[in-house]
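Report on the following structure.
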Amino acid sequence: MKIATWNINGIKARIDGLVDWLKEAEPDIACLQEIKSVDENFPVSGIEDLGYHVETHGQKGFNGVALLSKTPLEDVSRGLPGDPDDEQARFIEAAVSTKTGIVRVAGAYMPNGNPTDSPKLDYKLAWMERLNTWAEGRILLEEPFVIAGDYNIIPDPRDARHPENWVGDALFLPRSRQAYRRLVSMGFVDAIRSVTQDSDVYTFWDYQAGAWQKNNGIRIDHLLLSPEAADRMSGAGIDRHVRAWEKPSDHVPVWVDLAL
DNA sequence: ATGGTGGAAGATCCA
């Protein structure tokens with residue numbers, strides 16, 4: 001079972017590229033972030049034509065996440081638990097039945113947190129705390145389980161081409177990285193880091209200043225596997241070539257293969 | 001110090 005995550009930066013602008021990538025990569029489950037669309041306007045037909053079930057959690061203009069799956073999505077839940085006043089659409093979770101049981105997948109779009117002297121950083125850190133509290137409960141289930149998404153966190157200096165340029169940025173602050181490390185320390189496995197220790201492995205290149213051409217990238221899109229999922233991992237990768245397509249997102253898809 | 005790019009929306013906000 002192939003599970004992928006991709007921050008598509010606007011479904012309306014990316015629908016053709018998404019369909020091309022789905023045909024090429026054939027993920028069983030795809031988690032999309034930054035759909036920037038309300039649920040009613042999400043273009044489901046071209047995706048359903050490829051055999052996918054679609055569940056969205058959108059909002060007007062910004063944010064928004066979606067799950068696509070070749071098998072039906074069960075127990076769908078929208079919104080990260082822990083703050084009923086949080087109106088930002090950044091989280092969707094569902095379960096999928098497999099030959100060996102179920103796999104649970106959460107698709108998440110973590111807050112950016114910049115500028116760091118604004119409430120946005122507080123929101124980012126509080127959101128990560130809520131995620132960690134929720135993840136503690138999930139890991140106790142001892143199920144194959146994946147948290148996939150745009151974490152907006154550079155875990156380590158080797159995850160940036162120019163780490164010195166990110167000092168002081170919310171994506172690289174010690175507090176942000178600590179929150180991510182606390183999550184991983186519960187027992188999750190970073191899928192990409194379990195197949196390579198290379199620096200030069202990125203998932204995002206800014207549109208500005210020729211970042212892609214200079215390979216000035218960062219690794220901020222992650223697939224965290226519960227121990228039960230990690231035990232069944234057979235491969236992982238980054239579809240970096242998608243960044244060179246026409247009208248690309250600034251992020252590329254990241255995927256993991258699980259023997260489920 | 002500014003602008004460099006792009007998406008959604010339709011003036012700015014967000015990244």
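Numbering starts fresh at 1 for the residues of each chain in the structure tokens, the chains themselves are lettered A, B, ... in the order given, and ligands are numbered from 1 as they appear.
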Could you give me, as a Markdown table, a per-residue list for chain B showing, wherever an atom lies at most 7 Å from an atom of chain A, the closest pair of atoms and their distance in Å to one decimal, using only C-alpha atoms (C1' of nucleotides) and sorting by chain then residue number from low to high?
```
| residue | atom | partner | partner_atom | distance |
| --- | --- | --- | --- | --- |
| B:DG4 | C1' | A:Gln208 | CA | 5.8 |
| B:DT5 | C1' | A:Gln208 | CA | 4.9 |
| B:DG6 | C1' | A:Tyr207 | CA | 6.9 |
| B:DG7 | C1' | A:Gly10 | CA | 6.1 |
| B:DA8 | C1' | A:Gly61 | CA | 5.2 |
```
Saved selection, atoms kept: C-alpha atoms (C1' of nucleotides), as a short mmCIF file (atom, residue, chain, number, x, y, z; two decimals), in the first residue's frame:
```
data_model
loop_
_atom_site.label_atom_id
_atom_site.label_comp_id
_atom_site.auth_asym_id
_atom_site.auth_seq_id
_atom_site.Cartn_x
_atom_site.Cartn_y
_atom_site.Cartn_z
"C1'" DG B 4 11.78 38.82 -5.64
"C1'" DT B 5 6.80 34.53 -6.95
"C1'" DG B 6 2.46 32.40 -6.71
"C1'" DG B 7 -2.63 31.19 -5.23
"C1'" DA B 8 -7.22 32.66 -4.01
#
```
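Around A:Glu26, within 9 Å and counting only C-alpha atoms (C1' of nucleotides), the residues found are A:Lys2, A:Trp21, A:Leu22, once anything fewer than 4 positions away on its own chain is removed.
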message: For a quick check of understanding, using only C-alpha atoms, which of A:Ala179, A:Ala236, A:Ala106, A:Ile153 has the smallest distance to A:Arg193?
response: A:Ala236
DSSP strand (DSSP E) residues within stretch 95-143 of chain A, as a ChimeraX atom specification: /A:95-98,101-109
message: as a PyMOL selection string, please: the residues near A:Gly107 (cut-off 8 Å, only C-alpha atoms (C1' of nucleotides), same-chain neighbours under 2 positions excluded).
response: chain A and resi 5+31-33+65-67+91-93+105+109+147-149
task: Enumerate as a ChimeraX atom specification all residues of stretch 1-236 of chain A assigned to alpha helix (DSSP H) by DSSP on the backbone, naming them with the chain letters and numbers the document uses.
output: /A:11-25,45-48,119-140,174-185,227-230
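In this structure, atom CA of A:Lys124 sits 18.3 Å away from atom CA of A:Arg78.
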- request: Mind checking which residues fall within 7 Å of A:Pro72, counting only C-alpha atoms (C1' of nucleotides), ignoring those fewer than 3 positions away in the same chain, and posting them as a PyMOL selection string?
  value: chain A and resi 53+69+96
Output file for the selection above: C-alpha atoms, as a compact mmCIF listing (two decimals), in the first residue's frame:
```
# COMPACT_ATOMS: atom_id res chain seq x y z
CA HIS A 53 -12.84 8.15 -3.03
CA SER A 69 -8.19 6.66 -1.42
CA VAL A 96 -8.88 2.19 5.43
```
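Interatomic distance, atom CA of A:Ala170 to atom CA of A:Ser226: 26.1 Å.
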